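Below: one structure, written as structure tokens.
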Amino acid sequence: MPKYYRPTSRADALTALAGAGTGARPFVGGTDLLVGLRHHTVEPELIVDLKGVADLPEPIVVTDDGVQIGPTLTMGELAAHPLVQRWYPALVEAALTVGSVAIRNRASLVGNSCNGSPAADTAPPLLVHDARVTIASQDGERTAPLVEFFLAPRRTLCGPGELVIRIDLPRPAEGSGSAFRRLTRRRGVDLATVSVAAVVDSDGRVVLGLGAVGPRPIRTELPGPVDLTDEPALIRLLDEQLEVATPISDVRASREYRVATLRVLAKRAVLAAADRRTSREMAS
Amino acid sequence: MTSTHADDDLQTVTLTVNGSERTVAVPPHRTLLDGLRDEVGLPGTKSCCAEGECGACTVLLDGRAVNACLVLCVEVEGRDVTTVEGLSRNGLTDLQEEFLNAGAVQCGFCIPGQVVSAEYLLRTNPSPSEEQIREGMSGNLCRCAGYQRIVRAVQATAVRRGGGHD
Amino acid sequence: MTEAPERTIEPLDLPADPGPSGQVGRPVLRYGGGDRTSGAQKFLADLSFPGALQVALVTIPVGCADVLGVDTTAARAIPGVVDVLTAADFPSRVPRFGVSHQDRPVLAEGRVNYHGEPVAAVVAETLDAAQAAARAVRVEYRELPGVYSLDAALAPGAHLVQDPSIRPGDPAAATNVLEDALYTWGDLADEEARTSVVVADVYTFPMVTHFPIEPGGTVVVPTDQGGLDIYSPVQHPYLLQRTIASVAGLPLNRVRVFAPDPGGGFGGKQNPKIEPLLAFLALRTRRTCRLVLSLEETFQSMRRAGCRITARTGFTQDGEITFHQVDADFQIGAYADVAPRVMAKGSYVAAGPYRVPAVRIAARAVLTNTTPSTAFRGFGSPQVAWATESQLDAGARLLGLDGLEVRRRNLVAKGEAFVRGESEATADGEWWQSLEKAAELIGWGEPLGPNRGRGIAVGIKPGATSGLSQSLVRLLCDGSAIVYAGTSDMGQGARTLWQQIVADELGTPLDEVSVVSGDTGTVPFDLQTSASRSTVFMGSAVLEACRDVRQRVLALYAESTGVPADQLSERPGALVTPDGELSLPEAARQALGSLRGEFIGQGTRRLRGKGNHPLGGDAAFYEFNATAIEVEVDRETGELLLTKHVTVSDVGTELNPLQVVSQDEGAAIMGLGHSQMEQLLLDEHGRIRNLGALDYRIPTFKDVPLELITGAIENHDGPGPYGSKGISEGALLCTAGALGAAVAQATGVAIPDLPLTPERVWAAMEAAGTDRPD
Ligand code: FES
Ligand code: FES
């Protein structure tokens, strides 16, 4: 039987988390935690609800250099934010595929990241946008690139007694574009079979984020600038670079299908990202 | 429902449900869905998957649609919950009438959740396109599959509320 | 449950004058619909039973095992636990029950035969305690090499799902074949000799689960008289009553079944499953026992039989079918339930609604260590139609015909036999009209865009072959009326129809007709709510009860007014007197006089089976449907976009067009479920890998075709009231065939396995080397 604690200060939250160690679970949206509780796959001793903490970073702060996202920002709020829509279209597309409207009203971007699911929809776009994570504990704060944050399925850098208090997204380079594509078993709400986010900059440099094709979300770059008008060349490059993916067969799809569709989605995401890049240049 | 919990396992929660203040004593793991049904005595909100996949349990929490099966009772202290019973306090709403007119109601089990989701959709987007209705409602399953009827009901309500989409 | 009369909301587009046939045929709004939208409708889990004990089931995580021991010590020590029932607690053997075979034990007896079969049940003061105790029960078991597929079950030396001792006298008891069926007619060799092309393939249809949004459950209340009140959202309350009476050794009058409206049934809530266990728990504890199932437990208690069909079909050069050979193996699960009948009735129509001179259909119901399968909308027809319709398209492709033309050339005309031989069946409708209308509505023959394909298919399903429905109608002294009809209203809107019929037949305003159902203690017998029978059977019984009321009004009017009876006549809604017409309620008022009272009419509709008929009798009617689908295929990912879906059913007469549309759209989308995405997947231990809503996918709002159009053919030629037929299953019978043909046209590959998931479509294109369009 877990206990529930609703601290009002960050210090109290961190003390509680430190005190309960591995038995503690931070709690914001609960869209994963409650499923785990129901199936007894997680049996925390202490649930630490962060929604009452006054001195955590704001849900979202926009600076000249980018945005800072706090632990309580929901997927719905993220996707509705006009600046996020302008700067990080891939992230918005991904956030809008997380569950249903009702799920997105609860699920938080930070919480979703902390689950460490290799199939988390928002992980690939966060990776391609070079997100950094700030982790707090009683001993202080540390930051790490998101790409180092994901360790293994359901395992992240955020250990017992720690709390992710912020995700920082740098402002994308002028003239770049991004897009997100994913494959599911049905058109309605579904977990991703494969997902891809891409950022393409004005020189044709391509960064990819890959979901559900390995033990953790993957970030990879195509070597050198790519001539995006040469589709066969792009496909060749992708074929080589996507070797980093190591998908498995599971209840959602076979390995072979994931390998094949990863290439398709990557191509589509890159072309869509490149398109957005052009259209923004034309618009401005 | 207390005999397996020592009394100190129970937490007292005061919330507003459909406009009235209610206080319940619940163990920390009790979901809002079970709390509303068993402790508050409002069984209009339905339970099916109990893990956020079907939408049968949809309620408004501080005006936002959420899956009550994924909310803990203890976290709604001081917050405001509207259930399907709250929407229909003064008789059927225009939306509920349009559900009937459209033939959207078959077995009815999913309908309370559909009605709450549709109400939320129309409050956040008074003139939804058909595609937006499908997207906005896609967390609500109907195995009798009145989906197309429900879309019609939402469209008709939007028109009645002066926000029809063409 | 007794229902208060409802406020009826009139639709906005009323015809100015409803005419003599008044309410029947109009889109009358759903009886009880208001409560269903406001949350006031009480489903099983919403009923309150103060002081009830809560029940939790104990299961083990494998599909087949010997149970070596059940240790309940830790469970019993949990505060609030009242009882833990195991097989050892039964005095001798664990009682077994079942519709056709009494093979299903109340609790697993020494052997678990499918994943989720309860090994023990915990009863506690709270649900938390019951669930904690269920987790604390230690079950020691030895896993057995269970059979989880048709191949495994049919292999020589396969593990036997059922001990031969529970199938005494059955020559096949030492195999996993529970029953078989054989239908043959004509001379296959002769027909083959005049055949131009032969197509052959092996088709599979997945195991799928009903996934009612209401998971279901049971509450049993022991009565002071030593009887039991059973609350369960069942489609067949009277069958449940009989089952409980028999396993508990009680007379029928001491078992009373209250059946709250099912929150979706689709066949899954027909037959008793967990109720006998709850009855024993209530008898042991002398307390009310309540179990509301989780969705996962519901998955583990109902599914459709999967099927593998080997088909061989011959055609002449003109596309006429010469012969059709089918071997159909239905994977029915661990216990019989009603699955042998699904096998027999489904395979009976495995040659489709076609003119086929020679046919051999051999079908088997094969036991496996999986969830017992049961009735599910379509009852075996969707499985066989998938094969038959795909065969027609395969033949057509070889012959250069299109899907519409090949069906035109083979579809039987009204009155013509499509099943020949001893148990002949003939078309009871102008089925070609549905086919033509579906073709017209889809725009058959119009040019197709790139990566698009179009398919058309037809399906038939025999309606009930025997049945008995009894009804009472009380016309009260103020002209209002109460109908007693045992039909379960699970979404199809049965009560609305009774209300419409009574309104027209007795002249009572719609909103003054109430309907009582779901209580075996007050409502007369109804065999079952299944096979889309209720409109025809119960509808006729209600109609007859109304006519009985009119006769009684006439007789008493004559007696109280002195007008000779032979100068009076009655017609729907009115009594005709020498001085003119009186509305029936007014005539009733005058006849009843100052003592008041009421008229009670009775109606019975009975269809006796035929002893020598393989289905137990001729079907009362056939559901016929034509479906056409247009699809766009993403050739790189295999994803399907359904751009248009048309379904047309032969309905006889639409008693309520709004409800017909709801049923047709609902069935069509359910058909897309098993055609596109639904399948229960098992692991090597026989466990369901996608147990629950997260990984078992059913269609959502966004999976509805861009355009979904339903049409109906009305020739008023059905056996039900006003020429109606049953309509609730038609639109899913041949969904798969239409989609399969459309996908085949779009991709150039015919896929014999369902569901047509993106991955399966992609893999088929890969295998055929057609993935890169040039
Ligand atoms: S019961 Fe909450 S979403 Fe299904
Ligand atoms: S009306 Fe039955 S599930 Fe929606």
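By order in the structure tokens, chains are A, B, ...; within a chain, residues start at 1; ligands start at 1, following the order shown.
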
Define the interface residues of chain C facing chain A as those within 12 Å, counting only C-alpha atoms, and report them as a ChimeraX atom specification. /C:128-129,131-132,135,294,296,634-642,672-673,675-683,688-706,755-766,771-772

Counting only C-alpha atoms, which residues of chain C come no farther than 6 Å from chain B, as JSON, numbers by chain? {"C": [36, 37, 38, 39, 46, 79, 126, 129, 213, 214, 263, 264, 295, 490, 491, 658, 666, 700, 701, 702]}

Next, the residues of the selection above should be written as a PDB file, in the first residue's frame with C-alpha atoms.
```pdb
ATOM      1  CA  ARG C  36     -28.294   6.156 -21.249  1.00  0.00           C
ATOM      2  CA  THR C  37     -26.983   9.616 -22.092  1.00  0.00           C
ATOM      3  CA  SER C  38     -27.406  11.140 -18.644  1.00  0.00           C
ATOM      4  CA  GLY C  39     -25.646   8.360 -16.759  1.00  0.00           C
ATOM      5  CA  ASP C  46     -23.902   0.397 -10.901  1.00  0.00           C
ATOM      6  CA  PRO C  79      -8.052  -9.119   7.348  1.00  0.00           C
ATOM      7  CA  THR C 126     -13.702  -5.377   0.501  1.00  0.00           C
ATOM      8  CA  ALA C 129      -8.835  -7.411   0.537  1.00  0.00           C
ATOM      9  CA  ILE C 213     -17.265  -1.786 -23.238  1.00  0.00           C
ATOM     10  CA  GLU C 214     -19.113  -3.106 -20.198  1.00  0.00           C
ATOM     11  CA  GLY C 263     -23.471  -2.774 -21.957  1.00  0.00           C
ATOM     12  CA  GLY C 264     -22.813  -4.551 -25.216  1.00  0.00           C
ATOM     13  CA  LEU C 295     -11.669  -6.125 -19.087  1.00  0.00           C
ATOM     14  CA  MET C 490     -28.215  -4.787 -25.215  1.00  0.00           C
ATOM     15  CA  GLY C 491     -27.980  -1.965 -27.651  1.00  0.00           C
ATOM     16  CA  LEU C 658     -32.666   5.032 -37.137  1.00  0.00           C
ATOM     17  CA  GLY C 666     -21.931  -0.714 -35.831  1.00  0.00           C
ATOM     18  CA  THR C 700     -11.626   4.012 -32.998  1.00  0.00           C
ATOM     19  CA  PHE C 701     -13.260   7.167 -34.332  1.00  0.00           C
ATOM     20  CA  LYS C 702     -10.271   7.647 -36.603  1.00  0.00           C
TER      21      LYS C 702
END
```

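Residues of chain A having any atom within 7 Å of chain B, counting only C-alpha atoms, are Pro2, Lys3, Tyr4, Gly30, Thr31, Leu34, Val35, Ser100, Val101, Ala102, Ile103, Asn105, Arg106, Gly188 and Val189 of chain A.
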
How would the residues just chosen look if you wrote them out with N, CA, C and O atoms as an mmCIF file, in the first residue's frame?
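Below you can see out.cif, which holds the result:
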```
data_model
loop_
_atom_site.group_PDB
_atom_site.id
_atom_site.type_symbol
_atom_site.label_atom_id
_atom_site.label_comp_id
_atom_site.auth_asym_id
_atom_site.auth_seq_id
_atom_site.Cartn_x
_atom_site.Cartn_y
_atom_site.Cartn_z
ATOM 1 N N PRO A 2 0.889 2.009 -1.094
ATOM 2 C CA PRO A 2 1.748 3.192 -1.125
ATOM 3 C C PRO A 2 1.211 4.302 -0.222
ATOM 4 O O PRO A 2 0.023 4.334 0.073
ATOM 5 N N LYS A 3 2.096 5.154 0.184
ATOM 6 C CA LYS A 3 1.664 6.387 0.838
ATOM 7 C C LYS A 3 1.735 7.510 -0.184
ATOM 8 O O LYS A 3 2.492 7.428 -1.152
ATOM 9 N N TYR A 4 0.944 8.530 0.069
ATOM 10 C CA TYR A 4 0.896 9.653 -0.857
ATOM 11 C C TYR A 4 1.367 10.897 -0.135
ATOM 12 O O TYR A 4 0.970 11.151 1.005
ATOM 13 N N GLY A 30 0.683 10.842 -13.985
ATOM 14 C CA GLY A 30 0.272 9.518 -13.517
ATOM 15 C C GLY A 30 -0.243 8.593 -14.595
ATOM 16 O O GLY A 30 -0.728 7.504 -14.298
ATOM 17 N N THR A 31 -0.127 9.000 -15.872
ATOM 18 C CA THR A 31 -0.735 8.167 -16.907
ATOM 19 C C THR A 31 -0.008 6.829 -17.061
ATOM 20 O O THR A 31 -0.598 5.874 -17.533
ATOM 21 N N LEU A 34 -0.253 5.005 -12.863
ATOM 22 C CA LEU A 34 -1.483 4.350 -12.416
ATOM 23 C C LEU A 34 -1.720 3.019 -13.113
ATOM 24 O O LEU A 34 -2.300 2.104 -12.541
ATOM 25 N N VAL A 35 -1.253 2.934 -14.360
ATOM 26 C CA VAL A 35 -1.356 1.643 -15.045
ATOM 27 C C VAL A 35 -0.467 0.626 -14.340
ATOM 28 O O VAL A 35 -0.860 -0.516 -14.096
ATOM 29 N N SER A 100 -4.749 10.088 -25.999
ATOM 30 C CA SER A 100 -5.914 10.830 -26.445
ATOM 31 C C SER A 100 -5.866 12.232 -25.860
ATOM 32 O O SER A 100 -4.951 12.575 -25.116
ATOM 33 N N VAL A 101 -6.865 13.024 -26.193
ATOM 34 C CA VAL A 101 -6.968 14.360 -25.617
ATOM 35 C C VAL A 101 -6.914 14.286 -24.089
ATOM 36 O O VAL A 101 -6.195 15.047 -23.438
ATOM 37 N N ALA A 102 -7.659 13.354 -23.518
ATOM 38 C CA ALA A 102 -7.723 13.257 -22.063
ATOM 39 C C ALA A 102 -6.373 12.853 -21.469
ATOM 40 O O ALA A 102 -5.979 13.337 -20.410
ATOM 41 N N ILE A 103 -5.662 11.990 -22.164
ATOM 42 C CA ILE A 103 -4.317 11.619 -21.700
ATOM 43 C C ILE A 103 -3.399 12.840 -21.772
ATOM 44 O O ILE A 103 -2.639 13.133 -20.849
ATOM 45 N N ASN A 105 -4.105 15.821 -21.518
ATOM 46 C CA ASN A 105 -4.418 16.798 -20.476
ATOM 47 C C ASN A 105 -3.742 16.457 -19.154
ATOM 48 O O ASN A 105 -3.758 17.252 -18.229
ATOM 49 N N ARG A 106 -3.205 15.271 -19.040
ATOM 50 C CA ARG A 106 -2.580 14.850 -17.786
ATOM 51 C C ARG A 106 -1.093 14.564 -17.954
ATOM 52 O O ARG A 106 -0.289 14.923 -17.106
ATOM 53 N N GLY A 188 -6.395 5.348 -34.980
ATOM 54 C CA GLY A 188 -6.660 5.993 -33.696
ATOM 55 C C GLY A 188 -5.522 5.753 -32.730
ATOM 56 O O GLY A 188 -4.564 5.041 -33.034
ATOM 57 N N VAL A 189 -5.676 6.359 -31.537
ATOM 58 C CA VAL A 189 -4.705 6.233 -30.440
ATOM 59 C C VAL A 189 -3.985 4.882 -30.431
ATOM 60 O O VAL A 189 -4.616 3.833 -30.398
#
```

I'd like to know which of A:Pro223, A:Gly159, A:Gly209, A:Gly99 is closest to ligand 1, using only C-alpha atoms and all ligand atoms.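 Using only C-alpha atoms and all ligand atoms, ligand 1 sits closest to A:Gly99.
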
Nearest to Trp87 in chain A by atom-to-atom distance, counting only C-alpha atoms, from A:Ala233, A:Val199, A:Leu17, A:Ile248: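 For Trp87 in chain A, the nearest of the given residues is A:Val199.
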
For Asp201 in chain A, find every residue with an atom within 8 Å (counting only C-alpha atoms), except residues of its own chain fewer than 2 positions away, and show them as a PyMOL selection string. chain A and resi 173-177+199+203-206+274+277

For a test of reading the model, state the distance in Å between CA of Glu58 in chain A and CA of Val92 in chain A, rounded to one decimal.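 Taking CA of Glu58 in chain A and CA of Val92 in chain A, their separation equals 19.1 Å.
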
To one decimal place in Å, what is the distance between CA of Gly110 in chain C and CA of Ala65 in chain C?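 Distance between the two atoms: 8.5 Å.
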
Which residue gives the smallest distance to Glu162 in chain A among A:Lys267, A:His39, A:Arg86, A:Arg142, with only C-alpha atoms counted?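 Closest candidate: A:Arg142.
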